[in-house]
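Q: Sharing a structure here in structure tokens format.
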Amino acid sequence: MATLFAFGDSFTQGVGLEKHVQASDVIPSDSAWPKITADILDMRVSNLAVGGHSNKAIAYDVTNNVHNIASDDVVVIMWSDGFYRNMILTDDGNIQFCPSTDDENLLHIKNFVVEHMSSRDNIQFDQSMLIMGTDAVVRQKTQNVLHVMVKPLEWEDDDISGHDFLDWQHILSQPWIGHLFQLDLALFNLEITPWYTEYDKHYSREQHADFSQRLSKVITEKFLTK
Amino acid sequence: MNRLFTFGDSFTHGTSLCDDHIDVANLDPCEYAWPALLSDMLDMECVNLSKPGAGPKELAHTVSENASQIQSDDIVVVMWPYSTMRTCVVQDNGDIWRIGSWCLDCGEEPYESIAHQYYAYQTGKKEQMLQTKMCMKFADYLLREQTQHVMHATVNSMPHADNHVDQYLGKITMNSLKSLGIWSPLQLFDSRISPIYTPLDDGHYSREQHIAFAKRAHNLLRRN
């Protein structure tokens, strides 16, 4: 039986879908889209998403787990849109932070990165390199790779601080990256209610169920009917 | 006429290979460097896009800026620097801030502060491995969209790279990147060739090393 590998941040882990699923516990929810999609497709699931992970951390998650992926497995990477979120890998553990961190031990690093390394074009280049590099790493193992986003391109969430987020259009404006994405697939669907979970502003079970239906159709058409 | 595109750092630019090529700012690549030699052997036009001082990220950025010029019958050789301990920041005005060990005592802000922060926090082995992997995969991906004639090489042979005295250099061996599957068994440095260095400095390889590399690269390209 093939495995559906899912990588991403809290939206893929399923934070907020159940009271006990916390980003810090790294336990995925059975109500999150990876498990629902795998059940629809009669596949095993390996949900390796971690809440709060930046795209760099997601790339690291993929490179760390790529040896487990076989040629008939399917890999779905749901990239985060928290482009200003960052991570520094240390040899004894990760340093995670984003501009909203209040960890005093990380403030000087955060300030340095925000002040000197967060020009829009630098972020655009770094993010594009991470996404394309990760795609190439996965394709050494399987051609069944999908890249998706949490939110559709045309939808903006007024509740999210503009400081932490950069428009996906800016990332996708480079000619060599747009074709990697399944642009018509995003976890959030304006027509599905409720939008959010009862615990926080992560998307609801209904959103996850709807996305899983749409995703499973795409996976079937692209990879499983060949 | 088909073209040979080359990307790399000072070793590809030909720094110190001739008397007037020590201060490399704004200079054209040296005619004694391996790209010019190799293109002569291949009877191809040479487009040497190397940048002295560039690290893997700047090299990947240079590839992204120039890949669209490359045609399907062109050949590309990417000579990755032995020092992964360099990076750059792409500014919104198009400028590139280059961060290398030479910035640590350059006395010019913000570069000196940035360099100290970078070396303090972002040069662990895992961090460098991830960054370098992403740079190499990204560059290879872009190039193979244009042509399948892509060869990757590195400046140093592995044992030699670890002998460099700079405290920040040589920590990451390119050897471990062989797992990426885009490697070609070619290094510029060959311990059997002497002299090792140019007479003009003690860090860049000699004309003899460049000639030997060009011959090996030529043989490999002809076989493939």
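By convention in this document, the chains of the structure tokens carry letters A, B, ... by their order, each chain's residues are numbered from 1, and ligands are numbered from 1 in the order they are shown.
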Could you write out as a JSON list (two decimals) with C-alpha atoms, in the first residue's frame the residues of chain B within 9 Å of chain A, counting only C-alpha atoms?
A:
```json
[["chain", "number", "residue", "atom", "x", "y", "z"],
["B", 57, "LYS", "CA", 23.63, 31.46, -2.66],
["B", 60, "ALA", "CA", 22.48, 30.22, -7.40],
["B", 61, "HIS", "CA", 21.20, 33.77, -7.74],
["B", 64, "SER", "CA", 18.57, 32.43, -11.79],
["B", 88, "CYS", "CA", 24.46, 37.17, 0.40],
["B", 89, "VAL", "CA", 21.35, 39.26, 0.83],
["B", 90, "VAL", "CA", 19.36, 40.30, -2.23],
["B", 91, "GLN", "CA", 18.28, 43.91, -1.82],
["B", 92, "ASP", "CA", 15.07, 45.32, -3.26],
["B", 93, "ASN", "CA", 17.08, 47.75, -5.41],
["B", 94, "GLY", "CA", 18.89, 44.85, -7.04],
["B", 110, "PRO", "CA", 26.35, 47.30, 8.42],
["B", 114, "ILE", "CA", 25.92, 41.38, 9.63],
["B", 117, "GLN", "CA", 25.76, 37.78, 13.36],
["B", 121, "TYR", "CA", 24.30, 31.98, 14.35],
["B", 122, "GLN", "CA", 23.99, 30.69, 10.83],
["B", 123, "THR", "CA", 27.08, 28.66, 10.10],
["B", 124, "GLY", "CA", 26.35, 25.42, 11.94],
["B", 125, "LYS", "CA", 26.91, 22.29, 9.94],
["B", 126, "LYS", "CA", 23.21, 21.45, 9.62],
["B", 127, "GLU", "CA", 22.34, 24.99, 8.57],
["B", 128, "GLN", "CA", 25.08, 25.05, 5.96],
["B", 130, "LEU", "CA", 20.54, 22.64, 4.15],
["B", 131, "GLN", "CA", 21.39, 25.96, 2.55],
["B", 133, "LYS", "CA", 21.68, 21.58, -0.78],
["B", 134, "MET", "CA", 18.91, 24.00, -1.64],
["B", 135, "CYS", "CA", 21.26, 26.23, -3.65],
["B", 136, "MET", "CA", 22.61, 23.33, -5.67],
["B", 137, "LYS", "CA", 19.27, 21.71, -6.33],
["B", 138, "PHE", "CA", 17.72, 25.05, -7.26],
["B", 139, "ALA", "CA", 20.51, 25.95, -9.69],
["B", 140, "ASP", "CA", 20.50, 22.50, -11.25],
["B", 141, "TYR", "CA", 16.73, 22.63, -11.66],
["B", 142, "LEU", "CA", 16.81, 25.99, -13.44],
["B", 180, "LEU", "CA", 22.04, 14.88, -4.13],
["B", 181, "GLY", "CA", 22.66, 12.94, -7.29]]
```
Q: Using DSSP assignments from the backbone, pull out every residue in region 16-209 of chain A that falls under strand (DSSP E) and give it to me as a VMD selection string.
A: chain A and resid 44 to 47 74 to 79 86 to 90 93 to 97 145 to 149 181 to 186
Q: Enter the distance from CA of Gln13 (chain A) to CA of Leu185 (chain A), in Å, rounded to one decimal.
A: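 Interatomic distance here is 17.6 Å.
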Q: I need the residue nearest Ser46 (chain A) from this list: A:Ile27, A:Leu180, A:Leu172, A:Met149. Use only C-alpha atoms for the distance.
A: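 With only C-alpha atoms as the atom set, the closest residue is A:Ile27.
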Q: What lies within 12 Å of Phe188 (chain A) using only C-alpha atoms, ignoring chain neighbours under 2 positions off, as number ranges by chain?
A: A: 11-12, 33, 78, 148-157, 184-186, 190-196, 201-212, 214
Q: For the residues in the current selection, export N, CA and C atoms as a compact mmCIF listing (two decimals), in the first residue's frame.
A:
```txt
# COMPACT_ATOMS: atom_id res chain seq x y z
N PHE A 11 -1.51 24.14 9.82
CA PHE A 11 -2.72 23.84 9.06
C PHE A 11 -2.72 22.40 8.56
N THR A 12 -1.54 21.88 8.35
CA THR A 12 -1.43 20.48 7.91
C THR A 12 -1.37 19.54 9.10
N TRP A 33 -6.47 17.32 6.95
CA TRP A 33 -6.62 16.85 5.56
C TRP A 33 -5.74 15.66 5.18
N MET A 78 2.23 21.43 1.76
CA MET A 78 1.41 22.63 1.91
C MET A 78 2.29 23.71 2.52
N VAL A 148 1.01 22.87 -2.70
CA VAL A 148 -0.23 23.63 -2.52
C VAL A 148 -0.02 24.70 -1.45
N MET A 149 -1.00 25.61 -1.40
CA MET A 149 -0.94 26.71 -0.44
C MET A 149 -2.10 26.61 0.53
N VAL A 150 -1.95 27.24 1.66
CA VAL A 150 -3.01 27.22 2.67
C VAL A 150 -4.22 28.01 2.18
N LYS A 151 -3.96 29.18 1.62
CA LYS A 151 -5.06 30.05 1.18
C LYS A 151 -5.01 30.23 -0.32
N PRO A 152 -6.16 30.42 -0.96
CA PRO A 152 -6.14 30.72 -2.40
C PRO A 152 -5.51 32.09 -2.65
N LEU A 153 -4.99 32.25 -3.85
CA LEU A 153 -4.25 33.47 -4.16
C LEU A 153 -5.08 34.74 -4.03
N GLU A 154 -6.37 34.64 -4.40
CA GLU A 154 -7.15 35.86 -4.47
C GLU A 154 -7.76 36.29 -3.14
N TRP A 155 -7.51 35.50 -2.11
CA TRP A 155 -8.16 35.78 -0.84
C TRP A 155 -7.19 36.32 0.19
N GLU A 156 -7.54 37.43 0.80
CA GLU A 156 -6.70 38.01 1.84
C GLU A 156 -7.44 37.98 3.15
N ASP A 157 -6.73 37.67 4.20
CA ASP A 157 -7.32 37.58 5.52
C ASP A 157 -6.98 38.87 6.28
N ASP A 184 -4.98 25.95 -8.24
CA ASP A 184 -6.42 25.92 -7.96
C ASP A 184 -6.73 25.14 -6.68
N LEU A 185 -5.73 24.70 -6.00
CA LEU A 185 -5.95 23.95 -4.77
C LEU A 185 -5.43 24.73 -3.57
N ALA A 186 -6.31 25.01 -2.63
CA ALA A 186 -5.89 25.62 -1.38
C ALA A 186 -6.80 25.11 -0.28
N LEU A 190 -13.81 29.72 0.57
CA LEU A 190 -14.71 30.77 1.07
C LEU A 190 -16.14 30.26 1.25
N GLU A 191 -16.52 29.29 0.42
CA GLU A 191 -17.92 28.84 0.42
C GLU A 191 -18.22 27.84 1.53
N ILE A 192 -17.21 27.37 2.19
CA ILE A 192 -17.42 26.35 3.23
C ILE A 192 -17.48 27.00 4.60
N THR A 193 -18.51 26.72 5.36
CA THR A 193 -18.62 27.26 6.71
C THR A 193 -18.75 26.12 7.71
N PRO A 194 -18.36 26.35 8.94
CA PRO A 194 -17.65 27.54 9.42
C PRO A 194 -16.23 27.58 8.87
N TRP A 195 -15.67 28.81 8.81
CA TRP A 195 -14.30 28.94 8.33
C TRP A 195 -13.29 28.38 9.34
N TYR A 196 -13.54 28.74 10.60
CA TYR A 196 -12.50 28.47 11.60
C TYR A 196 -12.94 27.41 12.60
N LYS A 201 -8.05 30.35 15.14
CA LYS A 201 -8.30 30.79 13.77
C LYS A 201 -7.68 29.85 12.73
N HIS A 202 -7.45 28.62 13.12
CA HIS A 202 -7.11 27.63 12.10
C HIS A 202 -8.42 27.17 11.44
N TYR A 203 -8.30 26.60 10.27
CA TYR A 203 -9.51 26.29 9.51
C TYR A 203 -10.24 25.08 10.09
N SER A 204 -11.53 25.09 9.87
CA SER A 204 -12.44 24.13 10.51
C SER A 204 -12.33 22.72 9.92
N ARG A 205 -12.93 21.79 10.61
CA ARG A 205 -13.01 20.41 10.09
C ARG A 205 -13.71 20.38 8.74
N GLU A 206 -14.71 21.22 8.60
CA GLU A 206 -15.43 21.25 7.32
C GLU A 206 -14.51 21.69 6.18
N GLN A 207 -13.64 22.68 6.48
CA GLN A 207 -12.67 23.10 5.46
C GLN A 207 -11.72 21.96 5.11
N HIS A 208 -11.26 21.25 6.12
CA HIS A 208 -10.34 20.13 5.88
C HIS A 208 -11.03 19.03 5.07
N ALA A 209 -12.29 18.76 5.40
CA ALA A 209 -13.02 17.71 4.67
C ALA A 209 -13.22 18.10 3.21
N ASP A 210 -13.56 19.36 2.99
CA ASP A 210 -13.77 19.84 1.62
C ASP A 210 -12.46 19.79 0.83
N PHE A 211 -11.38 20.25 1.44
CA PHE A 211 -10.08 20.23 0.76
C PHE A 211 -9.68 18.80 0.42
N SER A 212 -9.93 17.90 1.34
CA SER A 212 -9.54 16.49 1.13
C SER A 212 -10.26 15.91 -0.09
N ARG A 214 -11.35 17.62 -2.71
CA ARG A 214 -10.76 18.22 -3.92
C ARG A 214 -9.37 17.67 -4.19
```
Q: Would you mind reading off the distance between CA of Asp95 (chain B) and CA of Tyr111 (chain B), one decimal, in Å?
A: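 Between CA of Asp95 (chain B) and CA of Tyr111 (chain B) the gap is 13.4 Å.
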Q: If you run DSSP over the backbone, which residues in region 41-198 of chain A end up alpha helix (DSSP H)? Put them as a PyMOL selection string.
A: chain A and resi 41+55-65+104-116+120-139+168-172
